[in-house]
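Coordinates as given in final_25.pdb (PDB, C-alpha atoms, pLDDT in the B column):
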ATOM      1  CA  MET A   1     247.407 164.267  78.071  1.00 48.00           C
ATOM      2  CA  ALA A   2     250.648 162.541  77.028  1.00 45.00           C
ATOM      3  CA  ALA A   3     248.839 159.233  76.488  1.00 45.00           C
ATOM      4  CA  SER A   4     246.257 160.816  74.168  1.00 41.00           C
ATOM      5  CA  PHE A   5     249.024 162.607  72.210  1.00 35.00           C
ATOM      6  CA  ALA A   6     250.872 159.282  71.776  1.00 38.00           C
ATOM      7  CA  ALA A   7     247.634 157.610  70.644  1.00 38.00           C
ATOM      8  CA  LEU A   8     247.095 160.422  68.152  1.00 36.00           C
ATOM      9  CA  LEU A   9     250.595 159.922  66.740  1.00 35.00           C
ATOM     10  CA  VAL A  10     250.036 156.196  66.357  1.00 36.00           C
ATOM     11  CA  SER A  11     246.643 156.601  64.710  1.00 37.00           C
ATOM     12  CA  CYS A  12     247.945 159.209  62.227  1.00 39.00           C
ATOM     13  CA  ALA A  13     250.993 157.236  61.215  1.00 41.00           C
ATOM     14  CA  ALA A  14     250.076 155.513  57.986  1.00 38.00           C
ATOM     15  CA  PRO A  15     252.376 152.831  56.657  1.00 42.00           C
ATOM     16  CA  ILE A  16     254.671 154.004  53.886  1.00 40.00           C
ATOM     17  CA  PRO A  17     253.613 152.261  50.682  1.00 38.00           C
ATOM     18  CA  ASP A  18     256.136 149.954  49.062  1.00 41.00           C
ATOM     19  CA  LEU A  19     256.422 151.130  45.466  1.00 39.00           C
ATOM     20  CA  ARG A  20     258.601 148.242  44.336  1.00 45.00           C
ATOM     21  CA  PRO A  21     257.017 145.463  42.323  1.00 48.00           C
ATOM     22  CA  PRO A  22     255.862 142.504  44.389  1.00 47.00           C
ATOM     23  CA  PRO A  23     258.155 139.489  44.613  1.00 52.00           C
ATOM     24  CA  GLU A  24     258.695 137.716  41.320  1.00 52.00           C
ATOM     25  CA  ARG A  25     255.766 135.602  40.251  1.00 55.00           C
ATOM     26  CA  LYS A  26     254.633 134.058  37.013  1.00 57.00           C
ATOM     27  CA  THR A  27     253.630 137.043  34.902  1.00 67.00           C
ATOM     28  CA  GLU A  28     252.140 136.994  31.446  1.00 77.00           C
ATOM     29  CA  ILE A  29     253.938 139.229  29.006  1.00 76.00           C
ATOM     30  CA  PRO A  30     251.522 141.167  26.796  1.00 74.00           C
ATOM     31  CA  ALA A  31     251.371 139.832  23.249  1.00 77.00           C
ATOM     32  CA  THR A  32     253.562 141.815  20.893  1.00 83.00           C
ATOM     33  CA  ASP A  33     254.863 140.967  17.443  1.00 88.00           C
ATOM     34  CA  ILE A  34     258.472 141.080  18.681  1.00 93.00           C
ATOM     35  CA  THR A  35     259.738 138.363  20.986  1.00 94.00           C
ATOM     36  CA  VAL A  36     262.497 139.332  23.387  1.00 97.00           C
ATOM     37  CA  ASP A  37     264.927 136.579  24.343  1.00 98.00           C
ATOM     38  CA  PRO A  38     265.894 136.905  28.033  1.00 98.00           C
ATOM     39  CA  GLU A  39     269.190 135.044  27.587  1.00 98.00           C
ATOM     40  CA  SER A  40     270.261 137.363  24.774  1.00 98.00           C
ATOM     41  CA  VAL A  41     269.337 140.456  26.806  1.00 98.00           C
ATOM     42  CA  LEU A  42     271.360 139.208  29.771  1.00 98.00           C
ATOM     43  CA  GLU A  43     274.303 138.154  27.620  1.00 98.00           C
ATOM     44  CA  ALA A  44     274.489 141.584  25.951  1.00 98.00           C
ATOM     45  CA  HIS A  45     274.151 143.551  29.204  1.00 98.00           C
ATOM     46  CA  ASN A  46     276.486 141.341  31.200  1.00 98.00           C
ATOM     47  CA  ALA A  47     279.239 141.366  28.560  1.00 98.00           C
ATOM     48  CA  ILE A  48     279.424 145.155  28.954  1.00 98.00           C
ATOM     49  CA  ARG A  49     279.161 145.015  32.745  1.00 98.00           C
ATOM     50  CA  ASN A  50     281.810 142.279  32.919  1.00 98.00           C
ATOM     51  CA  GLN A  51     284.337 144.516  31.130  1.00 97.00           C
ATOM     52  CA  LEU A  52     284.006 146.948  34.044  1.00 97.00           C
ATOM     53  CA  GLY A  53     283.973 144.289  36.783  1.00 98.00           C
ATOM     54  CA  ILE A  54     280.279 144.905  37.573  1.00 98.00           C
ATOM     55  CA  SER A  55     278.038 142.112  38.863  1.00 98.00           C
ATOM     56  CA  PRO A  56     275.796 140.514  36.226  1.00 98.00           C
ATOM     57  CA  LEU A  57     272.109 141.319  35.923  1.00 98.00           C
ATOM     58  CA  ARG A  58     269.355 138.719  36.398  1.00 98.00           C
ATOM     59  CA  TRP A  59     266.125 138.516  34.377  1.00 98.00           C
ATOM     60  CA  SER A  60     262.734 139.541  35.756  1.00 96.00           C
ATOM     61  CA  GLN A  61     259.645 138.197  34.008  1.00 95.00           C
ATOM     62  CA  GLN A  62     257.514 140.709  35.888  1.00 92.00           C
ATOM     63  CA  MET A  63     259.616 143.645  34.677  1.00 93.00           C
ATOM     64  CA  ALA A  64     259.581 142.197  31.151  1.00 95.00           C
ATOM     65  CA  ALA A  65     255.761 142.356  31.235  1.00 93.00           C
ATOM     66  CA  TYR A  66     255.930 145.918  32.553  1.00 91.00           C
ATOM     67  CA  SER A  67     258.365 146.836  29.738  1.00 94.00           C
ATOM     68  CA  ALA A  68     256.242 145.164  27.060  1.00 95.00           C
ATOM     69  CA  GLU A  69     253.172 147.101  28.231  1.00 93.00           C
ATOM     70  CA  TRP A  70     255.059 150.364  27.795  1.00 94.00           C
ATOM     71  CA  ALA A  71     256.461 149.315  24.395  1.00 96.00           C
ATOM     72  CA  LEU A  72     252.893 148.566  23.252  1.00 94.00           C
ATOM     73  CA  PHE A  73     251.673 151.915  24.543  1.00 93.00           C
ATOM     74  CA  LEU A  74     254.477 153.799  22.767  1.00 95.00           C
ATOM     75  CA  SER A  75     254.013 151.868  19.522  1.00 94.00           C
ATOM     76  CA  ASN A  76     250.242 152.253  19.348  1.00 90.00           C
ATOM     77  CA  GLU A  77     249.102 155.167  21.505  1.00 87.00           C
ATOM     78  CA  ALA A  78     252.096 157.509  21.480  1.00 86.00           C
ATOM     79  CA  GLY A  79     252.727 157.646  17.744  1.00 90.00           C
ATOM     80  CA  CYS A  80     255.903 155.562  18.034  1.00 92.00           C
ATOM     81  CA  ASP A  81     257.622 158.385  19.931  1.00 92.00           C
ATOM     82  CA  LEU A  82     260.174 157.563  22.600  1.00 93.00           C
ATOM     83  CA  ARG A  83     258.677 158.845  25.833  1.00 91.00           C
ATOM     84  CA  TYR A  84     259.778 157.919  29.291  1.00 88.00           C
ATOM     85  CA  ARG A  85     256.924 157.321  31.659  1.00 84.00           C
ATOM     86  CA  GLY A  86     257.848 160.551  33.457  1.00 70.00           C
ATOM     87  CA  THR A  87     257.168 162.660  30.366  1.00 73.00           C
ATOM     88  CA  ILE A  88     253.441 161.930  30.456  1.00 72.00           C
ATOM     89  CA  GLY A  89     252.934 162.433  34.164  1.00 66.00           C
ATOM     90  CA  LEU A  90     253.919 159.002  35.428  1.00 67.00           C
ATOM     91  CA  PRO A  91     256.886 158.948  37.807  1.00 61.00           C
ATOM     92  CA  LEU A  92     260.158 158.391  35.950  1.00 55.00           C
ATOM     93  CA  HIS A  93     261.144 155.718  38.437  1.00 54.00           C
ATOM     94  CA  LYS A  94     257.659 154.236  38.730  1.00 48.00           C
ATOM     95  CA  ASN A  95     257.785 151.267  41.053  1.00 58.00           C
ATOM     96  CA  GLY A  96     261.403 152.134  41.750  1.00 76.00           C
ATOM     97  CA  LEU A  97     262.565 151.074  38.276  1.00 89.00           C
ATOM     98  CA  GLY A  98     265.053 152.575  35.826  1.00 92.00           C
ATOM     99  CA  GLU A  99     264.096 152.707  32.165  1.00 94.00           C
ATOM    100  CA  ASN A 100     265.915 152.632  28.815  1.00 97.00           C
ATOM    101  CA  LEU A 101     264.188 153.204  25.474  1.00 97.00           C
ATOM    102  CA  TYR A 102     265.351 152.381  21.955  1.00 97.00           C
ATOM    103  CA  ARG A 103     263.754 153.028  18.574  1.00 96.00           C
ATOM    104  CA  HIS A 104     264.860 151.191  15.454  1.00 95.00           C
ATOM    105  CA  GLU A 105     263.635 152.481  12.113  1.00 94.00           C
ATOM    106  CA  ALA A 106     262.033 150.287   9.481  1.00 90.00           C
ATOM    107  CA  LEU A 107     263.753 149.279   6.279  1.00 87.00           C
ATOM    108  CA  VAL A 108     262.572 151.267   3.270  1.00 92.00           C
ATOM    109  CA  THR A 109     262.151 149.069   0.211  1.00 88.00           C
ATOM    110  CA  SER A 110     262.934 150.125  -3.369  1.00 90.00           C
ATOM    111  CA  ASP A 111     259.248 150.758  -4.032  1.00 92.00           C
ATOM    112  CA  GLY A 112     259.006 153.117  -1.044  1.00 88.00           C
ATOM    113  CA  GLY A 113     257.331 150.572   1.208  1.00 87.00           C
ATOM    114  CA  ARG A 114     258.470 149.875   4.756  1.00 92.00           C
ATOM    115  CA  ARG A 115     259.145 146.592   6.500  1.00 85.00           C
ATOM    116  CA  ILE A 116     260.387 145.598   9.927  1.00 87.00           C
ATOM    117  CA  ASP A 117     264.165 145.384  10.101  1.00 89.00           C
ATOM    118  CA  GLU A 118     265.082 142.202  11.947  1.00 87.00           C
ATOM    119  CA  ILE A 119     267.340 143.184  14.841  1.00 92.00           C
ATOM    120  CA  ASP A 120     268.308 141.351  17.983  1.00 94.00           C
ATOM    121  CA  GLU A 121     268.725 142.182  21.641  1.00 97.00           C
ATOM    122  CA  ARG A 122     272.468 142.719  21.246  1.00 97.00           C
ATOM    123  CA  THR A 123     271.863 145.490  18.684  1.00 97.00           C
ATOM    124  CA  VAL A 124     269.665 147.336  21.166  1.00 98.00           C
ATOM    125  CA  VAL A 125     272.021 147.011  24.143  1.00 98.00           C
ATOM    126  CA  VAL A 126     275.105 147.856  22.069  1.00 98.00           C
ATOM    127  CA  GLY A 127     273.219 150.935  20.840  1.00 97.00           C
ATOM    128  CA  TRP A 128     272.938 152.096  24.435  1.00 98.00           C
ATOM    129  CA  ALA A 129     276.540 151.104  25.162  1.00 98.00           C
ATOM    130  CA  ARG A 130     277.798 153.357  22.340  1.00 98.00           C
ATOM    131  CA  GLU A 131     276.820 156.276  24.549  1.00 98.00           C
ATOM    132  CA  ALA A 132     279.922 155.449  26.637  1.00 98.00           C
ATOM    133  CA  ALA A 133     281.811 157.729  24.245  1.00 98.00           C
ATOM    134  CA  ASN A 134     279.696 160.609  25.609  1.00 98.00           C
ATOM    135  CA  PHE A 135     280.363 159.807  29.284  1.00 98.00           C
ATOM    136  CA  ASP A 136     283.257 161.315  31.245  1.00 97.00           C
ATOM    137  CA  TYR A 137     283.854 159.162  34.310  1.00 96.00           C
ATOM    138  CA  VAL A 138     286.198 161.697  35.941  1.00 95.00           C
ATOM    139  CA  THR A 139     283.582 164.463  35.927  1.00 95.00           C
ATOM    140  CA  ASN A 140     280.648 162.008  36.064  1.00 96.00           C
ATOM    141  CA  THR A 141     278.898 163.917  33.267  1.00 95.00           C
ATOM    142  CA  CYS A 142     277.674 163.535  29.701  1.00 96.00           C
ATOM    143  CA  ALA A 143     279.332 165.555  26.965  1.00 96.00           C
ATOM    144  CA  LEU A 144     277.589 168.831  26.141  1.00 96.00           C
ATOM    145  CA  ASN A 145     274.387 168.221  24.143  1.00 96.00           C
ATOM    146  CA  ALA A 146     274.990 164.463  24.201  1.00 96.00           C
ATOM    147  CA  VAL A 147     273.180 161.520  25.734  1.00 96.00           C
ATOM    148  CA  CYS A 148     274.817 158.959  28.005  1.00 97.00           C
ATOM    149  CA  GLU A 149     272.091 158.030  30.507  1.00 96.00           C
ATOM    150  CA  ASN A 150     271.109 154.835  28.695  1.00 97.00           C
ATOM    151  CA  TYR A 151     274.729 153.660  28.923  1.00 98.00           C
ATOM    152  CA  THR A 152     275.046 154.601  32.581  1.00 98.00           C
ATOM    153  CA  GLN A 153     271.841 152.664  33.348  1.00 98.00           C
ATOM    154  CA  VAL A 154     273.226 149.578  31.583  1.00 98.00           C
ATOM    155  CA  VAL A 155     276.369 149.747  33.756  1.00 98.00           C
ATOM    156  CA  TRP A 156     274.756 151.024  36.982  1.00 98.00           C
ATOM    157  CA  ALA A 157     276.478 148.804  39.538  1.00 98.00           C
ATOM    158  CA  ASP A 158     273.572 148.732  42.008  1.00 96.00           C
ATOM    159  CA  SER A 159     271.069 147.523  39.390  1.00 97.00           C
ATOM    160  CA  ALA A 160     270.535 143.794  39.860  1.00 98.00           C
ATOM    161  CA  VAL A 161     267.652 142.773  37.591  1.00 97.00           C
ATOM    162  CA  VAL A 162     266.361 143.708  34.150  1.00 98.00           C
ATOM    163  CA  GLY A 163     263.261 142.969  32.093  1.00 97.00           C
ATOM    164  CA  CYS A 164     262.649 144.050  28.491  1.00 98.00           C
ATOM    165  CA  GLY A 165     259.845 144.187  25.968  1.00 97.00           C
ATOM    166  CA  ALA A 166     259.452 145.357  22.373  1.00 97.00           C
ATOM    167  CA  ALA A 167     256.728 146.110  19.849  1.00 96.00           C
ATOM    168  CA  SER A 168     256.527 147.308  16.263  1.00 95.00           C
ATOM    169  CA  CYS A 169     254.759 150.506  15.293  1.00 95.00           C
ATOM    170  CA  PRO A 170     252.213 150.899  12.484  1.00 94.00           C
ATOM    171  CA  ASN A 171     255.015 152.440  10.365  1.00 94.00           C
ATOM    172  CA  LYS A 172     257.136 149.295  10.986  1.00 94.00           C
ATOM    173  CA  ASP A 173     259.619 151.031  13.318  1.00 96.00           C
ATOM    174  CA  GLN A 174     260.363 149.172  16.563  1.00 96.00           C
ATOM    175  CA  ILE A 175     260.240 150.330  20.171  1.00 97.00           C
ATOM    176  CA  TRP A 176     262.351 148.495  22.757  1.00 97.00           C
ATOM    177  CA  VAL A 177     262.026 149.094  26.505  1.00 97.00           C
ATOM    178  CA  CYS A 178     264.140 147.728  29.346  1.00 98.00           C
ATOM    179  CA  ASN A 179     263.444 148.354  33.028  1.00 95.00           C
ATOM    180  CA  TYR A 180     266.037 147.987  35.795  1.00 96.00           C
ATOM    181  CA  ASP A 181     265.827 147.415  39.536  1.00 95.00           C
ATOM    182  CA  PRO A 182     267.182 149.202  41.477  1.00 94.00           C
ATOM    183  CA  PRO A 183     267.188 152.191  39.122  1.00 93.00           C
ATOM    184  CA  GLY A 184     270.300 154.120  38.172  1.00 93.00           C
ATOM    185  CA  ASN A 185     271.180 157.640  37.132  1.00 91.00           C
ATOM    186  CA  PHE A 186     270.985 159.433  40.432  1.00 88.00           C
ATOM    187  CA  ASN A 187     272.543 162.893  40.562  1.00 83.00           C
ATOM    188  CA  GLN A 188     275.984 163.083  42.098  1.00 88.00           C
ATOM    189  CA  GLN A 189     276.388 159.296  42.050  1.00 94.00           C
ATOM    190  CA  ARG A 190     278.800 157.452  39.786  1.00 96.00           C
ATOM    191  CA  PRO A 191     277.403 154.454  37.919  1.00 97.00           C
ATOM    192  CA  TYR A 192     280.239 152.160  39.079  1.00 96.00           C
TER     193      TYR A 192
END
Take the structure in the file and write it out as structure tokens.
Amino acid sequence: MAASFAALLVSCAAPIPDLRPPPERKTEIPATDITVDPESVLEAHNAIRNQLGISPLRWSQQMAAYSAEWALFLSNEAGCDLRYRGTIGLPLHKNGLGENLYRHEALVTSDGGRRIDEIDERTVVVGWAREAANFDYVTNTCALNAVCENYTQVVWADSAVVGCGAASCPNKDQIWVCNYDPPGNFNQQRPY
């Protein structure tokens, strides 16, 4: 009887799936009209992390492709709205990744037309870093009705790699996406 119970336990035990992306491999980034420079992304992130004594991030080509896919989806299929994957039924930390989103509005010309405003990676990351003003380290909370989770993801000490992608919307706004591994922003945990 005991042997058959043990056999039943073994046969019912399915392996737990690994939801992390596979080891880094050459990955094609989807074609977008905005090129993201990995060195500039790392420089901007790591300058902020360095001020706090946090280890620098490394670049992931695979996560950059993942980010670019989402930027393309948001720019074309989601009406240029900022939506985290979790808001449309996908797990927020899909594949165990954190996610930051940024939208930059188009320039409006004197004749009422719109054109893409040329921005760089530093502008995007500094935009997230400005949320530091909304973060209270002592209480480990954001100010009331304020956002600070993009900042805390940028400085999440356990995050080791980042990959980013961007795309322009039909209205000439831009969507930028960065994914982080391991993810940050866990309740009751300080970012650093």
Quick one: which residues end up in the PyMOL selection byres ((chain A and resi 111-122) around 12) for this structure, as an MDAnalysis selection string?
chainID A and resid 33:48 102:110 123:130 163:178
Export C-alpha atoms of the chosen residues as a CSV table (one decimal), in the coordinates of the input?
chain,number,residue,atom,x,y,z
A,33,ASP,CA,254.9,141.0,17.4
A,34,ILE,CA,258.5,141.1,18.7
A,35,THR,CA,259.7,138.4,21.0
A,36,VAL,CA,262.5,139.3,23.4
A,37,ASP,CA,264.9,136.6,24.3
A,38,PRO,CA,265.9,136.9,28.0
A,39,GLU,CA,269.2,135.0,27.6
A,40,SER,CA,270.3,137.4,24.8
A,41,VAL,CA,269.3,140.5,26.8
A,42,LEU,CA,271.4,139.2,29.8
A,43,GLU,CA,274.3,138.2,27.6
A,44,ALA,CA,274.5,141.6,26.0
A,45,HIS,CA,274.2,143.6,29.2
A,46,ASN,CA,276.5,141.3,31.2
A,47,ALA,CA,279.2,141.4,28.6
A,48,ILE,CA,279.4,145.2,29.0
A,102,TYR,CA,265.4,152.4,22.0
A,103,ARG,CA,263.8,153.0,18.6
A,104,HIS,CA,264.9,151.2,15.5
A,105,GLU,CA,263.6,152.5,12.1
A,106,ALA,CA,262.0,150.3,9.5
A,107,LEU,CA,263.8,149.3,6.3
A,108,VAL,CA,262.6,151.3,3.3
A,109,THR,CA,262.2,149.1,0.2
A,110,SER,CA,262.9,150.1,-3.4
A,123,THR,CA,271.9,145.5,18.7
A,124,VAL,CA,269.7,147.3,21.2
A,125,VAL,CA,272.0,147.0,24.1
A,126,VAL,CA,275.1,147.9,22.1
A,127,GLY,CA,273.2,150.9,20.8
A,128,TRP,CA,272.9,152.1,24.4
A,129,ALA,CA,276.5,151.1,25.2
A,130,ARG,CA,277.8,153.4,22.3
A,163,GLY,CA,263.3,143.0,32.1
A,164,CYS,CA,262.6,144.0,28.5
A,165,GLY,CA,259.8,144.2,26.0
A,166,ALA,CA,259.5,145.4,22.4
A,167,ALA,CA,256.7,146.1,19.8
A,168,SER,CA,256.5,147.3,16.3
A,169,CYS,CA,254.8,150.5,15.3
A,170,PRO,CA,252.2,150.9,12.5
A,171,ASN,CA,255.0,152.4,10.4
A,172,LYS,CA,257.1,149.3,11.0
A,173,ASP,CA,259.6,151.0,13.3
A,174,GLN,CA,260.4,149.2,16.6
A,175,ILE,CA,260.2,150.3,20.2
A,176,TRP,CA,262.4,148.5,22.8
A,177,VAL,CA,262.0,149.1,26.5
A,178,CYS,CA,264.1,147.7,29.3
Which one of A:Glu99, A:Glu28, A:Glu149, A:Asp136 sits closest to Gly86 of chain A if you count all atoms listed in the file?
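Nearest candidate to Gly86 of chain A out of A:Glu99, A:Glu28, A:Glu149, A:Asp136: A:Glu99.
All protein and nucleic acid residues in the vicinity of (260.2, 160.8, 26.4), that is within 12 Å when counting only C-alpha atoms, are Trp70, Leu74, Ala78, Gly79, Cys80, Asp81, Leu82, Arg83, Tyr84, Arg85, Gly86, Thr87, Ile88, Gly89, Leu90, Leu92, Glu99, Asn100, Leu101, Tyr102, Arg103 and Val177 of chain A.
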Selected residues written out with C-alpha atoms, as a short mmCIF file (atom, residue, chain, number, x, y, z; two decimals), keeping the file's coordinate frame:
data_model
loop_
_atom_site.label_atom_id
_atom_site.label_comp_id
_atom_site.auth_asym_id
_atom_site.auth_seq_id
_atom_site.Cartn_x
_atom_site.Cartn_y
_atom_site.Cartn_z
CA TRP A 70 255.06 150.36 27.80
CA LEU A 74 254.48 153.80 22.77
CA ALA A 78 252.10 157.51 21.48
CA GLY A 79 252.73 157.65 17.74
CA CYS A 80 255.90 155.56 18.03
CA ASP A 81 257.62 158.38 19.93
CA LEU A 82 260.17 157.56 22.60
CA ARG A 83 258.68 158.84 25.83
CA TYR A 84 259.78 157.92 29.29
CA ARG A 85 256.92 157.32 31.66
CA GLY A 86 257.85 160.55 33.46
CA THR A 87 257.17 162.66 30.37
CA ILE A 88 253.44 161.93 30.46
CA GLY A 89 252.93 162.43 34.16
CA LEU A 90 253.92 159.00 35.43
CA LEU A 92 260.16 158.39 35.95
CA GLU A 99 264.10 152.71 32.16
CA ASN A 100 265.92 152.63 28.82
CA LEU A 101 264.19 153.20 25.47
CA TYR A 102 265.35 152.38 21.96
CA ARG A 103 263.75 153.03 18.57
CA VAL A 177 262.03 149.09 26.50
#
For Asn179 of chain A, which residue among A:Arg58, A:Ala31, A:Val162, A:Leu144 is the nearest when counting only C-alpha atoms?
A:Val162
Tell me, in Å to one decimal, how far atom CA of Thr141 of chain A is from atom CA of Tyr192 of chain A.
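Distance between the two atoms: 13.2 Å.
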Go through A:Ala160, A:Arg190, A:Thr32, A:Gly98 one by one, measure the shortest atom-to-atom distance of each to Ala65 of chain A using only C-alpha atoms, and give the residue with the smallest value.
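When distances to Ala65 of chain A are compared using only C-alpha atoms, the smallest one comes from A:Thr32.
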Quick one, how far is atom CA of Met63 of chain A from atom CA of Arg49 of chain A?
19.7 Å
So which residues get picked by the PyMOL selection byres ((chain A and resi 159) around 10) here, written as a PyMOL selection string?
chain A and resi 54-58+97-98+153-158+160-162+179-184+191
